[in-house]
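S.K.: protein_9.txt is reproduced below (compact mmCIF, C-alpha atoms).
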# COMPACT_ATOMS: atom_id res chain seq x y z
CA MET A 246 -22.76 -19.72 0.00
CA LYS A 247 -21.09 -22.86 -1.35
CA ALA A 248 -17.99 -24.48 0.09
CA LYS A 249 -15.18 -25.83 -2.07
CA VAL A 250 -12.05 -27.90 -1.70
CA ILE A 251 -8.83 -25.95 -1.73
CA THR A 252 -5.18 -26.90 -1.23
CA LEU A 253 -2.95 -25.12 1.24
CA ASN A 254 0.76 -25.94 1.41
CA ILE A 255 1.64 -25.02 4.97
CA ASN A 256 5.19 -25.39 6.32
CA GLY A 257 5.87 -28.01 3.67
CA ARG A 258 2.73 -30.05 4.39
CA ARG A 259 -0.10 -30.28 1.89
CA HIS A 260 -3.63 -29.87 3.26
CA GLN A 261 -6.85 -30.32 1.33
CA VAL A 262 -9.70 -28.59 3.08
CA THR A 263 -13.31 -27.80 2.31
CA LEU A 264 -13.99 -24.16 3.13
CA PHE A 265 -16.66 -21.53 2.65
CA PRO A 266 -15.58 -18.39 0.73
CA ASN A 267 -15.84 -16.11 3.78
CA VAL A 268 -13.16 -18.00 5.74
CA THR A 269 -9.93 -16.04 6.10
CA LEU A 270 -6.53 -17.62 5.76
CA LEU A 271 -6.02 -16.86 9.46
CA GLU A 272 -9.14 -18.83 10.42
CA ALA A 273 -8.13 -21.68 8.11
CA LEU A 274 -4.62 -21.88 9.59
CA ARG A 275 -5.82 -21.88 13.18
CA SER A 276 -8.49 -24.50 12.49
CA LEU A 277 -5.73 -26.72 11.05
CA ASN A 278 -3.90 -26.30 14.39
CA TYR A 279 -1.28 -23.82 13.18
CA THR A 280 -2.03 -21.89 16.36
CA ASP A 281 1.37 -20.16 16.35
CA VAL A 282 -0.45 -17.75 14.01
CA LYS A 283 -2.30 -15.37 16.33
CA ASN A 284 -5.56 -13.54 15.93
CA GLY A 285 -5.03 -9.96 17.04
CA CYS A 286 -6.94 -7.01 15.58
CA GLU A 287 -8.41 -8.67 12.46
CA LYS A 288 -7.91 -5.49 10.45
CA GLY A 289 -4.29 -5.43 9.41
CA ASP A 290 -3.04 -3.13 12.13
CA CYS A 291 -1.17 -5.47 14.48
CA GLY A 292 0.69 -8.12 12.45
CA ALA A 293 0.07 -10.92 14.98
CA CYS A 294 -1.32 -13.08 12.16
CA ALA A 295 1.63 -12.46 9.80
CA VAL A 296 2.70 -15.39 7.63
CA GLU A 297 4.60 -15.76 4.40
CA LEU A 298 2.38 -16.29 1.38
CA ASN A 299 4.42 -17.37 -1.65
CA GLY A 300 7.49 -15.75 -0.08
CA LYS A 301 5.86 -12.46 0.90
CA VAL A 302 4.92 -11.47 4.42
CA ILE A 303 1.24 -10.60 4.74
CA ASN A 304 -1.54 -10.33 7.32
CA SER A 305 -3.44 -13.64 7.10
CA CYS A 306 -6.58 -11.94 8.49
CA LEU A 307 -6.82 -9.90 5.28
CA VAL A 308 -6.53 -12.82 2.86
CA LEU A 309 -9.42 -15.14 2.06
CA ALA A 310 -8.43 -18.81 2.20
CA TRP A 311 -9.66 -19.28 -1.38
CA GLN A 312 -7.21 -16.58 -2.48
CA ALA A 313 -4.42 -18.74 -1.07
CA ASP A 314 -5.55 -21.90 -2.93
CA GLY A 315 -2.40 -23.69 -4.10
CA ALA A 316 -0.07 -21.20 -2.42
CA ARG A 317 2.97 -21.87 -0.23
CA ILE A 318 2.45 -20.69 3.32
CA LEU A 319 5.16 -20.43 5.95
CA THR A 320 4.43 -19.76 9.62
CA ASN A 321 6.84 -19.25 12.50
CA ALA A 322 6.39 -22.91 13.50
CA GLY A 323 7.67 -23.92 10.07
CA LEU A 324 10.95 -22.08 10.50
CA GLY A 325 12.54 -24.40 13.04
CA THR A 326 11.98 -27.01 15.73
CA MET A 327 12.63 -27.10 19.49
CA GLU A 328 15.78 -29.15 18.79
CA SER A 329 16.93 -27.05 15.90
CA PRO A 330 15.46 -23.54 16.10
CA HIS A 331 15.91 -20.91 13.41
CA SER A 332 18.57 -18.28 14.23
CA LEU A 333 15.81 -15.69 14.68
CA GLN A 334 13.88 -17.92 17.09
CA GLU A 335 17.04 -18.56 19.09
CA ALA A 336 17.95 -14.87 19.15
CA PHE A 337 14.44 -13.87 20.29
CA ALA A 338 14.80 -16.26 23.26
CA ASP A 339 18.37 -15.18 24.06
CA ALA A 340 17.65 -11.44 23.84
CA GLY A 341 14.54 -11.58 26.00
CA ALA A 342 12.46 -10.41 23.06
CA VAL A 343 9.51 -12.55 24.15
CA GLN A 344 7.33 -11.46 27.03
CA CYS A 345 3.67 -12.39 26.56
CA GLY A 346 4.61 -13.93 23.22
CA TYR A 347 1.52 -12.91 21.31
CA CYS A 348 3.37 -10.82 18.73
CA THR A 349 6.39 -13.12 18.50
CA SER A 350 5.36 -15.35 15.59
CA GLY A 351 4.42 -12.40 13.41
CA MET A 352 7.54 -10.47 14.43
CA ILE A 353 9.78 -13.39 13.50
CA ILE A 354 8.10 -13.86 10.12
CA ALA A 355 8.42 -10.11 9.39
CA ALA A 356 12.07 -10.20 10.48
CA LYS A 357 12.73 -13.23 8.29
CA ALA A 358 11.29 -11.39 5.27
CA LEU A 359 13.68 -8.52 6.02
CA LEU A 360 16.78 -10.71 6.40
CA ASP A 361 15.93 -12.65 3.21
CA GLU A 362 16.15 -9.39 1.26
CA ASN A 363 18.69 -7.54 3.35
CA PRO A 364 21.04 -9.77 5.40
CA ASN A 365 22.75 -6.83 7.13
CA PRO A 366 20.04 -4.27 7.92
CA SER A 367 20.54 -1.01 9.80
CA GLU A 368 18.46 -0.29 12.90
CA THR A 369 16.28 2.07 10.84
CA GLU A 370 15.66 -0.70 8.32
CA ILE A 371 14.78 -3.14 11.11
CA ARG A 372 12.32 -0.67 12.65
CA GLU A 373 10.75 -0.08 9.23
CA ALA A 374 10.47 -3.84 8.55
CA ILE A 375 8.58 -4.51 11.79
CA SER A 376 6.47 -1.33 11.57
CA GLY A 377 3.38 -3.43 10.77
CA ASN A 378 3.84 -5.56 13.90
CA LEU A 379 2.74 -4.26 17.27
CA CYS A 380 4.26 -5.37 20.58
CA ARG A 381 2.68 -4.08 23.80
CA CYS A 382 5.27 -5.57 26.20
CA THR A 383 8.87 -5.12 25.20
CA GLY A 384 9.08 -1.55 23.96
CA TYR A 385 10.72 -3.13 20.88
CA ALA A 386 14.29 -2.69 22.17
CA GLN A 387 14.89 -6.40 22.79
CA ILE A 388 13.16 -7.35 19.55
CA ILE A 389 15.47 -5.06 17.60
CA SER A 390 18.55 -6.46 19.34
CA ALA A 391 17.32 -10.00 18.67
CA ILE A 392 17.03 -9.27 14.94
CA LYS A 393 20.52 -7.72 14.95
CA MET A 394 21.91 -10.78 16.76
CA ALA A 395 20.24 -13.16 14.33
CA ALA A 396 21.49 -11.20 11.32
CA LYS A 397 25.04 -11.31 12.64
CA LYS A 398 24.87 -15.02 13.34
CA MET A 399 23.32 -15.84 9.97
CA MET A 400 26.03 -13.84 8.16
CA GLN A 401 28.75 -15.66 10.13
CA GLN A 402 27.19 -19.02 9.28
CA LYS A 403 27.04 -18.04 5.64
CA ALA A 404 30.70 -16.95 5.67
CA GLN A 405 31.72 -20.34 7.09
CA GLU A 406 29.85 -22.29 4.42
CA MET B 85 -16.29 -13.93 11.27
CA LEU B 86 -16.94 -12.31 7.95
CA PRO B 87 -20.53 -12.07 6.72
CA GLU B 88 -21.63 -14.50 4.03
CA PHE B 89 -20.91 -13.79 0.38
CA GLU B 90 -20.32 -15.60 -2.87
CA LEU B 91 -16.76 -15.45 -4.18
CA LEU B 92 -16.09 -15.61 -7.91
CA MET B 93 -12.63 -16.74 -8.98
CA PRO B 94 -12.07 -15.76 -12.64
CA ARG B 95 -8.86 -17.04 -14.21
CA THR B 96 -8.62 -14.45 -17.00
CA LEU B 97 -9.60 -10.82 -17.50
CA PRO B 98 -12.25 -11.61 -20.18
CA GLU B 99 -13.78 -14.14 -17.78
CA ALA B 100 -13.84 -11.50 -15.02
CA LEU B 101 -15.57 -8.95 -17.28
CA GLU B 102 -18.10 -11.59 -18.32
CA MET B 103 -18.89 -12.29 -14.65
CA MET B 104 -19.34 -8.58 -13.93
CA ASP B 105 -21.62 -8.27 -16.93
CA GLU B 106 -23.93 -11.02 -15.70
CA SER B 107 -24.68 -9.27 -12.44
CA SER B 108 -24.61 -5.66 -11.34
CA THR B 109 -23.64 -6.45 -7.76
CA VAL B 110 -20.17 -7.93 -8.17
CA MET B 111 -17.57 -6.22 -5.98
CA PRO B 112 -13.98 -6.68 -7.21
CA LEU B 113 -11.56 -7.83 -4.50
CA ALA B 114 -7.80 -7.44 -5.00
CA GLY B 115 -5.59 -6.93 -1.94
CA GLY B 116 -8.54 -6.82 0.43
CA THR B 117 -6.77 -4.50 2.87
CA ASN B 118 -9.72 -2.07 2.86
CA LEU B 119 -12.58 -4.26 1.68
CA LEU B 120 -12.20 -7.14 4.15
CA VAL B 121 -11.91 -4.69 7.05
CA ASP B 122 -15.16 -3.00 5.94
CA LEU B 123 -16.88 -6.37 5.53
CA ARG B 124 -15.89 -7.41 9.02
CA GLY B 125 -17.18 -4.09 10.41
CA ARG B 126 -20.40 -4.56 8.37
CA LEU B 127 -19.70 -1.21 6.68
CA SER B 128 -20.16 -2.82 3.31
CA ARG B 129 -22.40 -5.78 2.44
CA PRO B 130 -21.76 -6.89 -1.14
CA GLN B 131 -23.53 -10.15 -2.07
CA THR B 132 -20.81 -11.26 -4.43
CA LEU B 133 -17.07 -10.65 -4.44
CA MET B 134 -14.75 -11.40 -7.34
CA ASN B 135 -11.07 -12.11 -6.77
CA ILE B 136 -9.01 -10.17 -9.31
CA GLY B 137 -5.71 -10.05 -7.41
CA GLY B 138 -4.29 -13.00 -9.31
CA LEU B 139 -5.12 -11.87 -12.85
CA VAL B 140 -1.81 -11.58 -14.71
CA GLU B 141 -3.36 -9.11 -17.17
CA LEU B 142 -3.58 -6.61 -14.30
CA ARG B 143 -0.10 -7.16 -12.83
CA GLY B 144 2.22 -5.51 -15.36
CA VAL B 145 4.23 -2.27 -15.36
CA HIS B 146 5.19 -1.09 -18.87
CA VAL B 147 6.42 1.97 -20.69
CA GLU B 148 4.86 2.29 -24.11
CA ASP B 149 4.28 5.11 -26.63
CA GLY B 150 5.39 7.77 -24.18
CA TYR B 151 3.16 6.49 -21.39
CA ALA B 152 3.82 4.65 -18.15
CA ASP B 153 1.18 1.95 -17.79
CA VAL B 154 0.54 0.24 -14.46
CA GLY B 155 -1.90 -2.66 -14.09
CA SER B 156 -4.57 -2.06 -11.46
CA ALA B 157 -3.59 -5.12 -9.39
CA VAL B 158 0.07 -4.10 -9.10
CA THR B 159 0.84 -4.02 -5.39
CA ILE B 160 2.24 -1.02 -3.52
CA ALA B 161 5.33 -3.14 -2.71
CA ASP B 162 5.82 -3.72 -6.45
CA LEU B 163 5.57 0.03 -7.12
CA LYS B 164 8.12 0.69 -4.39
CA ARG B 165 10.82 -1.46 -5.98
CA ASN B 166 10.03 -0.98 -9.67
CA VAL B 167 12.78 0.87 -11.57
CA LEU B 168 10.35 2.26 -14.17
CA ILE B 169 8.25 3.84 -11.41
CA ALA B 170 11.39 5.25 -9.75
CA LYS B 171 12.33 6.83 -13.09
CA HIS B 172 9.00 8.05 -14.43
CA GLY B 173 6.95 8.55 -11.26
CA GLN B 174 9.25 9.62 -8.43
CA ALA B 175 6.44 11.01 -6.25
CA LEU B 176 4.46 7.77 -6.65
CA GLN B 177 7.46 5.71 -5.63
CA GLN B 178 7.95 7.91 -2.57
CA ALA B 179 4.28 7.48 -1.65
CA ALA B 180 4.67 3.70 -2.00
CA THR B 181 7.63 3.80 0.38
CA VAL B 182 5.62 5.37 3.22
CA PHE B 183 2.33 3.59 2.45
CA ALA B 184 0.85 1.84 5.55
CA ASN B 185 3.36 -0.87 6.52
CA PRO B 186 5.34 -3.61 4.75
CA LEU B 187 2.67 -6.30 5.28
CA ILE B 188 -0.12 -4.14 3.86
CA ARG B 189 2.12 -3.01 0.97
CA ASN B 190 2.52 -6.66 -0.09
CA ARG B 191 -1.27 -6.94 -0.63
CA ALA B 192 -2.70 -3.47 -1.29
CA THR B 193 -2.95 -2.49 -4.96
CA ILE B 194 -2.79 0.80 -6.84
CA GLY B 195 -6.22 0.18 -8.40
CA GLY B 196 -7.76 -0.58 -5.03
CA ASN B 197 -6.29 2.54 -3.47
CA LEU B 198 -8.07 4.66 -6.10
CA ALA B 199 -11.25 2.55 -6.34
CA TYR B 200 -11.89 3.04 -2.64
CA GLY B 201 -12.25 6.78 -3.25
CA SER B 202 -10.71 7.92 0.01
CA PRO B 203 -9.76 11.61 0.26
CA ALA B 204 -6.58 10.37 1.96
CA ALA B 205 -5.55 7.78 -0.67
CA ASP B 206 -1.76 8.06 -0.72
CA ALA B 207 -1.41 7.10 -4.39
CA ALA B 208 -3.75 9.90 -5.52
CA PRO B 209 -1.69 13.12 -5.10
CA PRO B 210 1.34 11.68 -6.96
CA LEU B 211 -0.87 10.36 -9.75
CA LEU B 212 -2.69 13.70 -9.95
CA VAL B 213 0.53 15.66 -10.52
CA LEU B 214 1.63 13.06 -13.05
CA GLY B 215 -1.63 13.67 -14.95
CA ALA B 216 -2.74 10.04 -14.63
CA LYS B 217 -5.78 8.48 -16.23
CA VAL B 218 -7.80 5.51 -15.06
CA GLU B 219 -8.72 2.83 -17.59
CA LEU B 220 -12.14 1.27 -17.05
CA LEU B 221 -13.20 -1.85 -18.89
CA SER B 222 -16.51 -3.66 -19.05
CA LYS B 223 -17.47 -6.56 -21.29
CA ASP B 224 -18.53 -4.20 -24.08
CA THR B 225 -17.03 -0.83 -23.25
CA LYS B 226 -13.67 0.75 -22.63
CA ARG B 227 -13.06 4.28 -21.40
CA THR B 228 -10.27 6.30 -19.90
CA VAL B 229 -11.08 8.88 -17.25
CA PRO B 230 -8.63 11.51 -15.94
CA LEU B 231 -7.99 10.76 -12.26
CA LYS B 232 -9.08 14.35 -11.53
CA GLU B 233 -12.60 13.35 -12.60
CA PHE B 234 -12.51 9.76 -11.35
CA ILE B 235 -12.97 10.38 -7.62
CA THR B 236 -16.08 12.54 -7.17
CA GLY B 237 -16.61 12.55 -3.41
CA VAL B 238 -15.80 10.70 -0.21
CA ARG B 239 -15.81 7.01 -1.24
CA LYS B 240 -17.42 7.94 -4.56
CA THR B 241 -16.01 7.32 -8.01
CA VAL B 242 -17.39 7.34 -11.55
CA ARG B 243 -16.82 3.59 -11.90
CA HIS B 244 -19.96 1.87 -13.11
CA PRO B 245 -20.84 -1.38 -11.24
CA LYS B 246 -20.05 -3.44 -14.36
CA GLU B 247 -16.72 -1.72 -14.96
CA LEU B 248 -13.37 -2.87 -13.69
CA ILE B 249 -10.34 -0.62 -13.23
CA THR B 250 -7.74 -2.32 -15.38
CA ALA B 251 -4.86 0.16 -15.57
CA ILE B 252 -3.53 3.53 -14.48
CA ARG B 253 -1.40 5.42 -16.99
CA TRP B 254 0.33 8.76 -17.28
CA PRO B 255 2.44 10.54 -19.89
CA ILE B 256 6.16 10.13 -19.17
CA PRO B 257 7.29 13.48 -17.75
CA PRO B 258 9.69 15.42 -20.02
CA GLU B 259 13.43 15.31 -19.31
CA GLY B 260 14.25 17.64 -16.42
CA SER B 261 10.99 16.96 -14.56
CA VAL B 262 11.14 16.21 -10.85
CA SER B 263 8.39 15.23 -8.45
CA VAL B 264 8.15 14.70 -4.74
CA PHE B 265 5.61 13.34 -2.22
CA ARG B 266 5.26 14.14 1.45
CA LYS B 267 2.81 12.69 3.90
CA LEU B 268 2.03 14.01 7.33
CA GLY B 269 0.84 11.24 9.62
CA LEU B 270 0.41 11.07 13.36
CA ARG B 271 3.12 8.41 13.37
CA LYS B 272 5.46 6.88 10.80
CA ALA B 273 3.86 3.54 9.99
CA ASP B 274 0.24 2.58 9.47
CA ALA B 275 -0.97 6.17 9.55
CA ILE B 276 -3.91 7.57 7.65
CA SER B 277 -2.62 10.85 6.24
CA VAL B 278 -3.45 14.01 8.18
CA LEU B 279 -2.61 15.48 4.84
CA SER B 280 -0.45 14.55 1.90
CA ILE B 281 1.08 16.55 -0.90
CA ALA B 282 2.73 15.93 -4.23
CA VAL B 283 4.57 18.54 -6.28
CA MET B 284 6.01 18.19 -9.76
CA LEU B 285 7.83 20.72 -11.89
CA HIS B 286 10.07 20.90 -14.91
CA ARG B 287 13.51 22.51 -14.57
CA LYS B 288 14.56 24.32 -17.71
CA ASP B 289 18.18 24.64 -18.85
CA THR B 290 18.06 28.32 -17.90
CA GLY B 291 17.47 27.36 -14.28
CA ASP B 292 13.86 28.54 -14.37
CA CYS B 293 10.98 26.17 -13.79
CA ASP B 294 7.71 25.59 -15.56
CA GLN B 295 4.86 23.05 -15.65
CA VAL B 296 4.39 23.31 -11.89
CA ARG B 297 1.75 20.95 -10.53
CA ILE B 298 0.55 20.68 -6.96
CA ALA B 299 -1.85 18.08 -5.53
CA LEU B 300 -3.12 17.63 -2.00
CA GLY B 301 -4.75 14.75 -0.15
CA ALA B 302 -7.04 14.68 2.89
CA VAL B 303 -7.90 18.40 2.76
CA ALA B 304 -11.10 18.21 0.68
CA PRO B 305 -13.77 15.55 -0.08
CA THR B 306 -11.47 14.24 -2.82
CA PRO B 307 -7.74 14.47 -3.49
CA ILE B 308 -7.30 17.73 -5.43
CA ARG B 309 -5.06 19.56 -7.88
CA VAL B 310 -4.54 23.20 -6.89
CA ALA B 311 -5.08 25.08 -10.15
CA ALA B 312 -5.02 28.54 -8.52
CA ALA B 313 -1.47 28.05 -7.27
CA GLU B 314 -0.34 26.26 -10.45
CA ASP B 315 -1.63 29.04 -12.73
CA PHE B 316 -0.03 31.67 -10.55
CA LEU B 317 3.37 29.98 -10.89
CA ASP B 318 3.05 29.23 -14.59
CA GLY B 319 6.23 30.15 -16.48
CA GLY B 320 7.52 32.76 -14.04
CA PRO B 321 10.71 32.56 -12.00
CA LEU B 322 10.26 30.82 -8.64
CA THR B 323 11.45 33.54 -6.29
CA PRO B 324 10.86 33.14 -2.55
CA GLU B 325 8.08 35.77 -2.71
CA VAL B 326 6.29 34.03 -5.58
CA ILE B 327 6.57 30.67 -3.83
CA ALA B 328 5.19 32.11 -0.59
CA GLN B 329 2.21 33.55 -2.42
CA ALA B 330 1.54 30.29 -4.25
CA ALA B 331 1.68 28.41 -0.94
CA GLN B 332 -0.94 30.80 0.43
CA LEU B 333 -3.15 30.25 -2.64
CA ALA B 334 -2.85 26.46 -2.22
CA SER B 335 -3.93 26.68 1.38
CA GLU B 336 -6.91 28.88 0.48
CA ALA B 337 -8.00 26.45 -2.25
CA THR B 338 -8.59 23.62 0.23
CA GLN B 339 -11.70 22.72 2.18
CA ALA B 340 -9.76 21.34 5.10
CA ILE B 341 -11.92 20.11 7.94
CA GLY B 342 -11.08 19.37 11.54
CA ASP B 343 -11.23 15.72 12.59
CA ILE B 344 -9.53 13.32 14.99
CA ARG B 345 -6.28 13.66 13.05
CA GLY B 346 -5.97 17.44 13.06
CA SER B 347 -7.85 20.73 13.13
CA ALA B 348 -8.75 22.66 9.99
CA ALA B 349 -6.52 25.58 11.00
CA TYR B 350 -3.57 23.25 11.58
CA ARG B 351 -4.05 21.60 8.19
CA LYS B 352 -4.18 24.98 6.43
CA ARG B 353 -0.97 26.16 8.07
CA VAL B 354 0.84 22.92 7.32
CA ILE B 355 -0.21 23.11 3.66
CA THR B 356 1.29 26.59 3.36
CA ALA B 357 4.53 25.44 4.97
CA LEU B 358 4.83 22.21 2.97
CA VAL B 359 3.97 23.75 -0.40
CA ARG B 360 6.58 26.44 0.21
CA ARG B 361 9.22 23.97 1.35
CA LEU B 362 8.70 21.41 -1.41
CA LEU B 363 8.58 24.05 -4.16
CA THR B 364 11.72 25.74 -2.85
CA ASN B 365 13.64 22.48 -2.68
CA LEU B 366 12.45 21.18 -6.04
CA ALA B 367 13.18 24.49 -7.77
CA LYS B 368 16.71 24.54 -6.37
CA GLY B 369 17.21 20.82 -6.82
CA THR B 370 18.09 20.41 -3.17
CA LYS B 371 16.91 17.62 -0.99
CA GLU B 372 14.54 18.28 1.83
CA LYS B 373 16.19 18.19 5.21
CA LYS B 374 15.23 15.29 7.42
CA HIS B 375 13.58 16.44 10.57
Kindly return the structure encoded in the file as C-alpha cells.
M.R.:
Amino acid sequence: MKAKVITLNINGRRHQVTLFPNVTLLEALRSLNYTDVKNGCEKGDCGACAVELNGKVINSCLVLAWQADGARILTNAGLGTMESPHSLQEAFADAGAVQCGYCTSGMIIAAKALLDENPNPSETEIREAISGNLCRCTGYAQIISAIKMAAKKMMQQKAQE
Amino acid sequence: MLPEFELLMPRTLPEALEMMDESSTVMPLAGGTNLLVDLRGRLSRPQTLMNIGGLVELRGVHVEDGYADVGSAVTIADLKRNVLIAKHGQALQQAATVFANPLIRNRATIGGNLAYGSPAADAAPPLLVLGAKVELLSKDTKRTVPLKEFITGVRKTVRHPKELITAIRWPIPPEGSVSVFRKLGLRKADAISVLSIAVMLHRKDTGDCDQVRIALGAVAPTPIRVAAAEDFLDGGPLTPEVIAQAAQLASEATQAIGDIRGSAAYRKRVITALVRRLLTNLAKGTKEKKH
C-alpha cells in the first residue's frame, strides 16, 4: 500500500495531505481537526458524518479520501461562526433541536442541502431530506421545527435583499 | 479502519479497461455504498480497487436509436431527477425516489446496484420490466447481456473479472406504456426491501391492455420476471377475475423465503395483493391510493 499526496478543499481552506488509499474522507477530516464531523455507524446508516462533497450531501465514511482529491468539502463548522452563525445553526439552538449534539452537524448539512434546492419545503419534504440522519434524543420534532424556522428566516432575508 | 488495498485511479475508460486487463483481481469501486461497508466488515477482501465513479464516459443519460442508455456510474439521485428517465422509465424513477436515503442516493450508482447481485436490488425489477440489457466491456471484448440473465444467484453475476459494466440500456416503451414500482420496507427510509415489484403494460386505444410485464425483487435468489402471469394476461382484457388469477400465478412463481424481514407466507400474500392492486390501477389509469 503506497501513500500519496492529495488536496482537500475544506470549508474554504486548502489542505495537502499524504494519505494511504484505505483512509476514508471521514478519517481524513477528523485527523485534520474537523471534529464537527462525527463518526457514528461507519456504514451509511446514521448520517453523523454527513458533509457536502462538491455541493452534494454524502456520508464521508463511505468515500475514500483519494476519491475526494481536489474536491470542495463543506462541514457544519464551515457554515458559520460563533459570532455569525448560519440561520440553520441559530434555529437549531433556538428550537432546542440539540440534545447530545452527535447528530447535529450531519442534520444541519442535510437540511442545508434541502434548503438550497427547495427554500420552502413541506414537513413531508423535510422528513424525507433528513431520512438518512438518525437522532436518538429529540424524537425529531424540534429538528423539524428548527428547519422550518430557518427556512422562514432565510426566505425573509432573501425578500429584504 | 478499512483493511489494506491498492487503489487505482484511472482518468479515462480505456485506461480503466487496460488496468483491469493487467490483473484479474481488480474490483471496480463507484459509489462505495455497498463495497466499503463489506470491506469494513471483512466480508470482501479485494487486493486492488479501481475508482470508476469519476469517469465521465460512464456518467451520461442519452436517448438514441429508440433506446434509453444510462451510464453505469450514473447515481440514483441523478436518475431521480432526470427528465428522460421520468419519461421513458417511470418505474425506475419511482424506485430511485424511494432508494435508501438522500445521502446514499448521491453516491450509489445504477451499475453498482446491479453489479452487487442482491436479490433485493431496487433498480432491478423496474429494469426487468423495461427489458434492460447490461453492457460489459473489457479491453478486447464487448457484450450485451439481458438483465434477466445477468444476475444468476445471490451476489452472483455473469460479469467476468476483467469486464466492467459500462451502461444499462432498454428499448423506449411504445406510446401508451405505463410502468410503476412499489417497495415494501419495514420503514420508509434506509430499508432493504421485504419485497419489491414493478409492473409495466401498454394501454391500447380500445381501452384494453397488452405487453404486460411483472417483475419481483427479494422473493427468489435473484430478481425475477414472472412469465407465468405475463403469458396468462397476454392480449386478453384485464377483468378483475383475470387479474386475480394472474396475481395468484405470480405468487406461486416465487421462491419466497422467511427471514428477519418477513415470513415466506407473508411475502406470498403481499405479492398477490400488490400484483392485483398495481395491475388494476395501471389498467384503469388510476393512481394508487396512499395508505
S.K.: So which one's closest to Ser222 (chain B), B:Ser202, B:Thr356, B:Thr117, B:Thr250? Using all atoms listed in the file, please.
M.R.: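 Of the candidates, the smallest distance to Ser222 (chain B) is held by B:Thr250.
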S.K.: Could you write out as a ChimeraX atom specification the residues of chain B within 9 Å of chain A, counting all atoms listed in the file?
M.R.: /B:85-91,93,115-122,124,135,137-138,184-191,272-274
S.K.: Between CA of Pro112 (chain B) and CA of Thr132 (chain B), measure the distance and give it in Å to one decimal.
M.R.: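 Value for the CA of Pro112 (chain B)-CA of Thr132 (chain B) distance: 8.7 Å.
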S.K.: Any idea what the distance is between CA of Leu123 (chain B) and CA of Leu271 (chain A)?
M.R.: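 Computing the Euclidean distance for CA of Leu123 (chain B) and CA of Leu271 (chain A) yields 15.6 Å.
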S.K.: Quick one: everything within 12 Å of Thr290 (chain B), counting only C-alpha atoms, minus sequence neighbours fewer than 5 positions away in the same chain. Send it as a count of residues only.
M.R.: 3
S.K.: Excluding region 260-264 of chain A and any residue of its chain fewer than 5 positions from it, enumerate the residues within 7 Å of it, using all atoms listed in the file, and give them as a PyMOL selection string.
M.R.: chain A and resi 248-254
S.K.: Show which residues sit within 10 Å of His331 (chain A), as a PyMOL selection string. Count all atoms listed in the file, and ignore same-chain residues fewer than 5 positions away.
M.R.: chain A and resi 321-326+336-337+353+357+395+399
S.K.: Which residues are close to Ile388 (chain A), i.e. within 9 Å by only C-alpha atoms, leaving aside same-chain residues fewer than 4 positions away? Reply as a PyMOL selection string.
M.R.: chain A and resi 336-337+340-343+349+352+383-384+392-393
S.K.: Would you put the residues from that selection into a file with C-alpha atoms, as a PDB file, in the frame of the given file?
M.R.:
ATOM      1  CA  ALA A 336      17.950 -14.870  19.150  1.00  0.00           C
ATOM      2  CA  PHE A 337      14.440 -13.870  20.290  1.00  0.00           C
ATOM      3  CA  ALA A 340      17.650 -11.440  23.840  1.00  0.00           C
ATOM      4  CA  GLY A 341      14.540 -11.580  26.000  1.00  0.00           C
ATOM      5  CA  ALA A 342      12.460 -10.410  23.060  1.00  0.00           C
ATOM      6  CA  VAL A 343       9.510 -12.550  24.150  1.00  0.00           C
ATOM      7  CA  THR A 349       6.390 -13.120  18.500  1.00  0.00           C
ATOM      8  CA  MET A 352       7.540 -10.470  14.430  1.00  0.00           C
ATOM      9  CA  THR A 383       8.870  -5.120  25.200  1.00  0.00           C
ATOM     10  CA  GLY A 384       9.080  -1.550  23.960  1.00  0.00           C
ATOM     11  CA  ILE A 392      17.030  -9.270  14.940  1.00  0.00           C
ATOM     12  CA  LYS A 393      20.520  -7.720  14.950  1.00  0.00           C
TER      13      LYS A 393
END
S.K.: Just give me the gap between CA of Gln178 (chain B) and CA of Arg266 (chain B) in Å, one decimal is fine.
M.R.: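 CA of Gln178 (chain B) sits 7.9 Å away from CA of Arg266 (chain B).
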S.K.: Name the residues in contact with Gly300 (chain A) at a cut-off of 9 Å, using all atoms listed in the file, excluding same-chain residues fewer than 6 positions from it; report them as a ChimeraX atom specification.
M.R.: /A:317-319,358
